[in-house]
Every structure is written in C-alpha cells, then in structure tokens.
>>> print(open('input.txt').read())   # compact mmCIF, C-alpha atoms
# COMPACT_ATOMS: atom_id res chain seq x y z
CA THR C 1 32.07 -15.28 0.83
CA ALA C 2 29.85 -17.86 -0.84
CA VAL C 3 26.84 -16.53 1.09
CA ALA C 4 27.66 -12.98 -0.04
CA ALA C 5 27.94 -14.15 -3.66
CA GLY C 6 24.53 -15.80 -3.42
CA LEU C 7 23.05 -12.60 -2.02
CA ASP C 8 24.68 -10.64 -4.85
CA ALA C 9 22.93 -12.93 -7.32
CA GLU C 10 19.64 -12.34 -5.52
CA ARG C 11 20.30 -8.60 -5.65
CA ALA C 12 20.84 -8.84 -9.40
CA GLY C 13 17.44 -10.52 -9.65
CA ASP C 14 15.88 -7.72 -7.60
CA LEU C 15 17.41 -5.10 -9.90
CA ALA C 16 16.14 -6.95 -12.98
CA SER C 17 12.63 -7.20 -11.55
CA ALA C 18 12.69 -3.53 -10.53
CA ALA C 19 13.73 -2.56 -14.06
CA ALA C 20 10.91 -4.67 -15.49
CA GLY C 21 8.43 -3.12 -13.06
CA ALA C 22 9.52 0.39 -14.00
CA ALA C 23 9.22 -0.48 -17.69
CA TRP C 24 5.72 -1.85 -17.05
CA LEU C 25 4.71 1.40 -15.35
CA ARG C 26 6.11 3.47 -18.24
CA LEU C 27 4.11 1.40 -20.73
CA ALA C 28 0.94 1.76 -18.65
CA GLY C 29 1.42 5.53 -18.49
CA ALA C 30 2.19 5.73 -22.23
CA GLN C 31 -0.97 3.77 -23.07
CA GLU C 32 -3.07 6.10 -20.93
CA THR C 33 -1.47 9.10 -22.63
CA VAL C 34 -2.36 7.71 -26.07
CA THR C 35 -5.96 7.18 -24.92
CA ALA C 36 -6.15 10.73 -23.58
CA ARG C 37 -4.73 12.22 -26.79
CA GLU C 38 -7.21 10.22 -28.87
CA GLN C 39 -10.05 11.59 -26.76
CA ASP C 40 -8.64 15.08 -27.25
CA SER C 41 -8.63 14.50 -30.99
CA VAL C 42 -12.31 13.57 -30.93
CA SER C 43 -13.13 16.87 -29.24
CA ALA C 44 -10.77 18.84 -31.48
CA PHE C 45 -12.21 17.49 -34.73
CA ALA C 46 -15.76 17.92 -33.44
CA LEU C 47 -14.99 21.58 -32.75
CA LEU C 48 -13.43 21.82 -36.21
CA ASP C 49 -16.64 20.53 -37.81
CA ILE C 50 -18.68 23.04 -35.80
CA ALA C 51 -16.36 25.88 -36.83
CA ARG C 52 -16.63 24.83 -40.49
CA SER C 53 -20.42 24.78 -40.25
CA LEU C 54 -20.50 28.23 -38.67
CA VAL C 55 -18.20 29.64 -41.34
CA ASP C 56 -20.30 28.08 -44.09
CA ALA C 57 -23.41 29.54 -42.49
CA GLY C 58 -21.77 32.97 -42.37
CA THR C 59 -22.21 33.34 -38.61
CA SER C 60 -18.52 33.10 -37.71
CA PRO C 61 -15.36 34.59 -39.19
CA ARG C 62 -13.00 32.28 -41.02
CA ILE C 63 -10.26 32.99 -38.49
CA ASP C 64 -12.17 30.86 -35.96
CA TYR C 65 -12.06 27.94 -38.38
CA THR C 66 -8.33 28.48 -38.86
CA ARG C 67 -7.78 28.39 -35.10
CA SER C 68 -9.78 25.18 -34.79
CA GLU C 69 -7.83 23.69 -37.68
CA ASN C 70 -4.53 24.55 -35.96
CA ARG C 71 -5.71 22.98 -32.70
CA ALA C 72 -6.73 19.80 -34.54
CA ALA C 73 -3.33 19.64 -36.25
CA ALA C 74 -1.58 20.10 -32.90
CA VAL C 75 -3.62 17.29 -31.36
CA ARG C 76 -2.76 15.06 -34.33
CA SER C 77 0.95 15.72 -33.69
CA GLN C 78 0.50 14.96 -30.00
CA ILE C 79 -1.12 11.63 -30.87
CA ALA C 80 1.86 10.72 -33.05
CA VAL C 81 4.30 11.61 -30.25
CA ALA C 82 2.27 9.65 -27.66
CA ARG C 83 2.12 6.57 -29.89
CA ASN C 84 5.85 6.78 -30.47
CA GLU C 85 6.44 6.91 -26.69
CA ARG C 86 4.10 3.94 -26.24
CA ASP C 87 6.00 1.90 -28.84
CA ARG C 88 9.28 2.80 -27.17
CA ALA C 89 7.89 1.75 -23.78
CA GLN C 90 6.77 -1.57 -25.30
CA LEU C 91 10.29 -2.11 -26.61
CA ASP C 92 11.82 -1.30 -23.21
CA LEU C 93 9.48 -3.69 -21.42
CA ALA C 94 10.15 -6.50 -23.90
CA ARG C 95 13.87 -6.00 -23.41
CA ALA C 96 13.52 -5.93 -19.62
CA VAL C 97 11.69 -9.27 -19.53
CA ASP C 98 13.86 -10.80 -22.30
CA LEU C 99 11.15 -11.16 -24.94
CA PRO C 100 11.60 -10.66 -28.69
CA THR C 101 11.57 -6.95 -29.49
CA GLY C 102 8.63 -7.36 -31.85
CA THR C 103 6.35 -8.82 -29.17
CA ALA C 104 3.13 -6.84 -28.77
CA LEU C 105 2.66 -5.96 -25.10
CA VAL C 106 -0.43 -4.38 -23.56
CA VAL C 107 -0.87 -3.82 -19.83
CA ALA C 108 -4.24 -3.93 -18.14
CA ALA C 109 -5.81 -0.50 -17.76
CA ASP C 110 -7.41 -1.40 -14.41
CA ALA C 111 -4.26 -2.78 -12.78
CA ALA C 112 -3.84 -1.57 -9.22
CA ILE C 113 -0.68 -1.40 -7.11
CA VAL C 114 -1.25 -1.53 -3.37
CA SER C 115 1.38 -1.76 -0.64
CA ASP C 116 0.82 -1.79 3.11
CA THR C 117 4.53 -1.80 3.95
CA LEU C 118 5.49 1.69 2.81
CA PRO C 119 7.37 3.44 5.63
CA SER C 120 5.89 6.57 7.12
CA SER C 121 9.13 8.11 8.41
CA ILE C 122 12.85 8.16 7.69
CA ASP C 123 13.64 5.90 10.65
CA ALA C 124 11.02 3.39 9.52
CA ALA C 125 12.43 3.47 5.98
CA ILE C 126 15.96 2.78 7.26
CA ALA C 127 14.76 -0.09 9.44
CA LEU C 128 12.78 -1.58 6.55
CA ALA C 129 15.79 -1.31 4.23
CA LYS C 130 18.10 -3.02 6.73
CA GLN C 131 15.64 -5.88 7.07
CA HIS C 132 14.88 -6.50 3.39
CA ARG C 133 17.73 -5.22 1.20
CA VAL C 134 19.86 -8.19 0.17
CA ASP C 135 22.77 -5.97 -0.86
CA PHE C 136 23.02 -4.78 2.75
CA THR C 137 22.93 -8.39 3.95
CA ALA C 138 25.59 -9.30 1.39
CA GLU C 139 27.87 -6.57 2.72
CA GLN C 140 27.36 -7.91 6.24
CA ALA C 141 28.34 -11.39 5.03
CA ARG C 142 31.46 -9.97 3.37
CA LEU C 143 32.30 -8.21 6.63
CA VAL C 144 32.09 -11.51 8.52
CA ALA C 145 34.29 -13.19 5.89
CA MET C 146 36.92 -10.47 6.22
CA GLN C 147 36.84 -10.72 10.01
CA ARG C 148 37.40 -14.48 9.80
CA SER C 149 40.24 -13.97 7.32
CA LEU C 150 41.88 -11.52 9.72
CA SER C 151 41.51 -14.02 12.56
CA ALA C 152 43.05 -16.73 10.37
CA ILE C 153 46.10 -14.58 9.60
CA ARG C 154 46.58 -13.78 13.28
CA SER C 155 46.25 -17.47 14.13
CA GLU C 156 49.33 -18.17 12.01
CA PHE C 157 51.37 -16.91 14.98
CA ILE C 158 50.13 -19.85 17.09
CA PRO C 159 52.55 -22.81 17.26
CA THR C 160 51.52 -25.98 15.48
CA LEU C 161 51.77 -29.47 16.91
CA ALA C 162 52.01 -32.58 14.75
CA ALA C 163 52.07 -36.30 15.59
CA SER C 164 53.08 -39.16 13.35
CA GLY C 165 53.65 -42.86 13.72
CA TYR C 166 53.79 -46.16 11.92
CA VAL C 167 54.14 -49.87 12.60
CA GLN C 168 55.79 -52.28 10.22
CA SER C 169 55.39 -56.04 10.68
CA SER C 170 57.18 -58.89 8.97
CA GLY C 171 57.46 -62.69 9.17
CA GLY C 172 54.99 -65.34 10.33
CA THR C 173 51.51 -66.10 9.19
CA GLY C 174 49.56 -65.70 12.38
CA LEU C 175 48.93 -62.85 14.75
CA ASN C 176 51.23 -64.35 17.35
CA ASP C 177 54.12 -64.79 14.92
CA LEU C 178 54.36 -61.14 13.88
CA ALA C 179 57.59 -59.22 14.33
CA GLY C 180 57.50 -55.53 13.74
CA THR C 181 58.98 -52.10 14.09
CA TRP C 182 57.14 -49.32 15.81
CA ASN C 183 57.73 -45.59 15.39
CA ILE C 184 55.91 -42.73 17.04
CA GLY C 185 56.89 -39.10 16.65
CA VAL C 186 55.64 -35.77 17.97
CA SER C 187 56.84 -32.42 16.59
CA ALA C 188 56.16 -28.79 17.39
CA SER C 189 56.65 -25.90 14.99
CA TRP C 190 56.61 -22.22 15.81
CA SER C 191 57.40 -19.65 13.17
CA LEU C 192 58.75 -16.75 15.18
CA PHE C 193 59.95 -14.55 12.35
CA ASP C 194 59.06 -14.42 8.66
CA GLY C 195 60.32 -11.00 7.68
CA PHE C 196 57.24 -9.21 9.07
CA ARG C 197 55.11 -10.55 6.21
CA ARG C 198 52.35 -11.70 8.53
CA GLU C 199 52.27 -8.34 10.30
CA ARG C 200 51.87 -6.56 6.98
CA ARG C 201 49.13 -8.99 5.90
CA VAL C 202 47.32 -8.28 9.17
CA ASP C 203 47.58 -4.53 8.51
CA GLU C 204 46.35 -4.96 4.94
CA GLN C 205 43.38 -7.09 5.99
CA GLN C 206 42.54 -4.66 8.79
CA LEU C 207 42.39 -1.81 6.27
CA ARG C 208 40.09 -3.86 4.05
CA LEU C 209 37.92 -4.61 7.05
CA ASP C 210 37.73 -0.93 7.98
CA GLY C 211 36.75 -0.05 4.40
CA GLU C 212 34.03 -2.71 4.42
CA ARG C 213 32.65 -1.34 7.68
CA LEU C 214 32.46 2.13 6.14
>>> encode(input="input.txt", output="structure tokens")
Amino acid sequence: TAVAAGLDAERAGDLASAAAGAAWLRLAGAQETVTAREQDSVSAFALLDIARSLVDAGTSPRIDYTRSENRAAAVRSQIAVARNERDRAQLDLARAVDLPTGTALVVAADAAIVSDTLPSSIDAAIALAKQHRVDFTAEQARLVAMQRSLSAIRSEFIPTLAASGYVQSSGGTGLNDLAGTWNIGVSASWSLFDGFRRERRVDEQQLRLDGERL
C-alpha cells in the first residue's frame, strides 16, 4: 500500500507536468497566432494605402477603398482576439508552474519537440503504456496488497502456538547459592467459530480484489 501511495504521488507529478507542457504548447501557438495576425495587418494596411491612392488618383471606385478599410478593421479585431488568447495562455502557464499570475512568459519560437518512442501501432502503444504509466503500476501494487490482505484473513483460521516461561531466584550472593523457581508453559489456541465473521471478511476482501483486477 505504501508503494502504491508513492506511485500515486509520482502520477500526480506526471499530471502536473503534462498540464504545464500543454499550457506551454498553447502559449507557443498563441504567440505564433499573434505574429501571423500582425503580419496580416501589415499587408491589410498596405493594401488600404494603395486603395486610398487609387481612389485619390481617380483610377478606382471608392467602394474598393471601403472594402480594403473593412478588411483592415477585421484584421485589427483579429489581432485583439489573438493577443487576448496569448495573455490567457500566459496566465494558464504561470498557474500551471505555480508562478505569480503577473509573470511575463515568452516561449522560444524555435523550440522543437522530438520523440523517438512514439508507438506505431495499437499493440505497441499498449505495451509502452504498461511499461511506463505509474498509475498502472500503482494499481498492480494495490492488487498485491489486497491479495496479501486476503491471505492474512485466511491465515486467521490457522491455530496459534505460544510458549512462555520464567525463572525466579532468591537467596545467596553467589551463583552456587541461588535458589529459584522455574516455570515453562506451552499453549495452543484455535478459534474454530467466530460467528462466520472471518468468512464474511474473506468474501468482502475477495470482492474488492475482483474489482481491483477489473
């Protein structure tokens, strides 16, 4: 049971690190989205300047300038939304790694994630999970603990044997002058009937064991 509890603690650490990793990825994606929207705004406002020049020169109808103006306004709104998502992702990451919420966080744009252990099939994924998932190992440890508890309950039917003894000496000052009383006892105890409580405890533990196996 202690081993299972330690594995549960390790599992909690894995979940915390996975949450932090997911928050990091969301922040990286949000930063890239902000960069893309800012680049879109550069193009949109450049097209707006061109449309204004064409309208001023009389070579383009004013409706083209209005369309360009609407596109620029839409891009400006998209930038505001992207920056809001980036700030939210920064807040989530700071919370995931237990930093003050006002901490400015920026992830590297050239960060790469490479893994050579990704499974290529369902069977490989199952085998990899059984080898590395601590929650699965914790359940196995709990199963062993329940099996030992069941064995302990069944062992209560075994008779117990006890031995006791004492020696009491009195009189004299030397080893040869001692006078004493000796007592040695051996007892056996066998609980044959306890109102079927042990049988019911065995049944209860067996059900728990079956549930753990499932």
>>> residues_around(input="input.txt", residues="Asp98 (chain C)", least_positions_apart="5", cutoff="10 Å", atoms="only C-alpha atoms", output="number ranges by chain")
C: 20, 92-93
>>> residues_around(input="input.txt", residues="region 68-77 of chain C", least_positions_apart="6", cutoff="6 Å", atoms="only C-alpha atoms", output="JSON, numbers by chain")
{"C": [41, 44, 45, 48]}
>>> closest_residue(input="input.txt", among="C:Asp40, C:Asp64, C:Asp49, C:Asp8", to="Gln78 (chain C)", atoms="only C-alpha atoms")
C:Asp40
>>> residues_around(input="input.txt", residues="Ala2 (chain C)", least_positions_apart="2", cutoff="10 Å", atoms="only C-alpha atoms", output="JSON list (two decimals) with C-alpha atoms, keeping the file's coordinate frame")
[["chain", "number", "residue", "atom", "x", "y", "z"],
["C", 4, "ALA", "CA", 27.66, -12.98, -0.04],
["C", 5, "ALA", "CA", 27.94, -14.15, -3.66],
["C", 6, "GLY", "CA", 24.53, -15.80, -3.42],
["C", 7, "LEU", "CA", 23.05, -12.60, -2.02],
["C", 8, "ASP", "CA", 24.68, -10.64, -4.85],
["C", 138, "ALA", "CA", 25.59, -9.30, 1.39],
["C", 141, "ALA", "CA", 28.34, -11.39, 5.03],
["C", 142, "ARG", "CA", 31.46, -9.97, 3.37],
["C", 145, "ALA", "CA", 34.29, -13.19, 5.89]]
>>> closest_residue(input="input.txt", among="C:Leu118, C:Ala19, C:Val134, C:Leu27", to="Ala104 (chain C)", atoms="all atoms listed in the file")
C:Leu27
>>> closest_residue(input="input.txt", among="C:Ala96, C:Leu91, C:Ala36, C:Ala30", to="Ala16 (chain C)", atoms="all atoms listed in the file")
C:Ala96
>>> closest_residue(input="input.txt", among="C:Ile158, C:Val167, C:Ala46, C:Ile153", to="Arg197 (chain C)", atoms="all atoms listed in the file")
C:Ile153
>>> residues_around(input="input.txt", residues="Tyr166 (chain C)", least_positions_apart="4", cutoff="12 Å", atoms="all atoms listed in the file", output="JSON, numbers by chain")
{"C": [180, 181, 182, 183, 184, 185]}
>>> residues_near_point(input="input.txt", point="(50.5, -17.5, 20.9)", cutoff="12 Å", atoms="all atoms listed in the file", output="ChimeraX atom specification")
/C:154-160,189-192
>>> atom_distance(input="input.txt", atom1="CA of Leu47 (chain C)", atom2="CA of Ile79 (chain C)")
17.2 Å
>>> residues_near_point(input="input.txt", point="(40.0, -7.2, 6.2)", cutoff="7 Å", atoms="only C-alpha atoms", output="list in words")
Met146, Gln147, Ser149, Leu150, Glu204, Gln205, Gln206, Leu207, Arg208, Leu209 and Asp210 of chain C
